[in-house]
Amino acid sequence: MSDVILPGAAIGFLGGGQLGRMAALAAREMGYDVHVLDPDPDCPAGALATEVITARFDDPQAAARLAQSCAVVTIEIERIAIASMESAARHAPVRPGAAVLAVVQERERQKAWLRDHGFPVGPYRSAGTVAECEAAVAALGPSFVKASTGGYDGRGQVRVDRPDECAAAWRALRATRCVVEQALDLAAEVSVMVARRPGGETAIFPVALNHHERGQLAWSVIPAPVDARLSEAAAQLGRAVAAAMGVVGVLAIEMFVLGDQTLLVNELAPRPHNSFHHTIEGCVTSQFEQLVRAVCDLPLGDTGLLRPAAIANILGDAWRDHRPPDFAAALAVPDTRLHLYGKRDARPARKMGHLAAVADTPLEARARVLEAAGRLG
Ligand SMILES: Nc1ncnc2c1ncn2[C@@H]1O[C@H](COP(=O)(O)OP(=O)(O)O)[C@@H](O)[C@H]1O
Ligand SMILES: [Mg+2]
C-alpha cells in the first residue's frame, strides 16, 4: 500500500546544512514546502524553509513540533538524537527511521553491523580505554583511531604509528569509545548511492570515484573511471548493504579499493552525500530529488547518466583576509557551475560550496573542475 505524499505537503528536515539546503531546493522545485530544524538560526537550508525551528538535535519536543507541521520528516545529518527521531515519528513518518540511524551514527555499532552481516571491512578493533587502544595498535600496526561518535570530514580521527602514541590520540579525540582501524594502502576510494522507497523499490546511481585530502573529500567524478568489473562489484556490494539496512530514503556507501581490487566498506551515510553532488549536473535525477521522491513514496527518478560530471569542494581556506575567491575566473572554465551554501564564516576546512563540471569523459570533467578550482586563487 502506498501513502504517497504529494507536492504541496511540507517536508521536515532534521538538520539544515548544505545537504538539507540542496535537498530543500529540489523539494521546492517539485512544489513541496520545507520546514527545517537546526541549532543555527542562519543554517544553509533556512533560506529555503517557510519554517525554521532553532533547536538542538537532542531536543525531542522540538523534533515533535517539526513533525507536527510536516507530512514526512527526513534527516540530513547523522547527529540527530534517537529520542528526537522517536518523538518525531509519533507525528509523521521519519525516513530513514530511528533504527537505521541507531546503527549508523555510532562507528563502532556500524562496523559491527557490517561485519555481522558478512560485508567486507578492513581489520579493526573497538577500544574503550587507552590500554585497549594500545593493544589494538600493537596487533594491527599503524592505524587510524576514530572516535565512535561525532566525526566527519576526517575530524574525530587521528593516525597513530605506534602504541605509545595512543594516549595522546585518546586525549586529542576526547574519546570514550573508539574504533581502531588498520591503516590501509588504498589504491582508490569509490562510493555508491542507493535510493529506496517504503515498498522496497530501489535505484542506484553510477559509481563515483573519490579523492580525499587530509581526510576530507576534495573531488569526485561519475562514472568512476575504473575497470568495469570493479564498478559492477561496487554497485553490487552497495545494493546488498542497502537491502540489508532496509533504509527508506538514500544510503551512501563509502568504499576502499585495495591494490588487488578488493573492495572494503569504509562507512555508511543514510542521507545525501558529498560524493554525489555531481548527480545535479550529471544524471537525469539528482541525489536530492531522489531523496524527496523516495521519502514521499513517489516513483524513483531515472539515475541514468546525462554526461560525465565532477565536483570539487570549495573550502573556507579559499577566502583570504575575508576576500571571496575569484569565482568569475573559475566560471570562465567551460561547462562549469558554482554552488555556494550561504555560510557566513569562511573558516579553514569548512565546506563553503562546490564547483561542478561536465565533459565528454570523466577524466575531462575532473580536469575541468580542478582547473576551475585552481583559478579560485
Ligand atoms: N583505515 C584507513 N586506511 C587508509 N585511509 C583511511 C582509513 N580510514 C580513513 N582513511 C582516510 O580518511 C578518510 C576519512 O575517513 P572516514 O572514516 O571516511 O571518516 P569521515 O567520517 O571523517 O569521512 C577516508 O575517506 C580515507 O581517505
Ligand atoms: Mg568518510
# chains A, B, ... in the order shown; residues from 1 in each chain; ligands from 1
call {"tool": "residues_near_ligand", "arguments": {"ligand": "ligand 1", "cutoff": "9 Å", "atoms": "only C-alpha atoms and all ligand atoms", "output": "PyMOL selection string"}}
result
chain A and resi 107+122-124+143-146+150-157+159+180-186+188-189+210-217+254-256+266-268
call {"tool": "select_by_dssp", "arguments": {"residues": "range 177-359 of chain A", "states": "strand (DSSP E)", "output": "number ranges by chain"}}
result
A: 178-182, 186-196, 202-204, 208-213, 216-222, 249-258, 263-269, 309-315, 336-340, 351-358
call {"tool": "closest_residue", "arguments": {"among": "A:Met30, A:Ile311, A:Ala127, A:Val265", "to": "ligand 2", "atoms": "only C-alpha atoms and all ligand atoms"}}
result
A:Val265
call {"tool": "closest_residue", "arguments": {"among": "A:Ala45, A:Gly199, A:Glu108, A:Arg293", "to": "Ile5 in chain A", "atoms": "only C-alpha atoms"}}
result
A:Arg293
call {"tool": "select_by_dssp", "arguments": {"residues": "range 82-300 of chain A", "states": "helix (DSSP H, G or I)", "output": "ChimeraX atom specification"}}
result
/A:82-89,98-104,107-116,130-140,163-173,228-245,274-276,279-282,287-295
call {"tool": "residues_around", "arguments": {"residues": "range 200-204 of chain A", "least_positions_apart": "4", "cutoff": "9 Å", "atoms": "only C-alpha atoms", "output": "JSON, numbers by chain"}}
result
{"A": [192, 193, 194, 195, 196, 235, 238, 239, 242, 243, 246, 247, 248, 290, 294, 299, 300, 301, 302, 303]}
call {"tool": "closest_residue", "arguments": {"among": "A:Ala252, A:Ala310, A:Ala9, A:Ala81", "to": "ligand 2", "atoms": "only C-alpha atoms and all ligand atoms"}}
result
A:Ala252
call {"tool": "closest_residue", "arguments": {"among": "A:Leu264, A:Ala269, A:Val207, A:Val358", "to": "Gln105 in chain A", "atoms": "only C-alpha atoms"}}
result
A:Ala269
call {"tool": "closest_residue", "arguments": {"among": "A:Leu230, A:Ala167, A:Ile11, A:Ala365", "to": "Arg95 in chain A", "atoms": "only C-alpha atoms"}}
result
A:Ile11
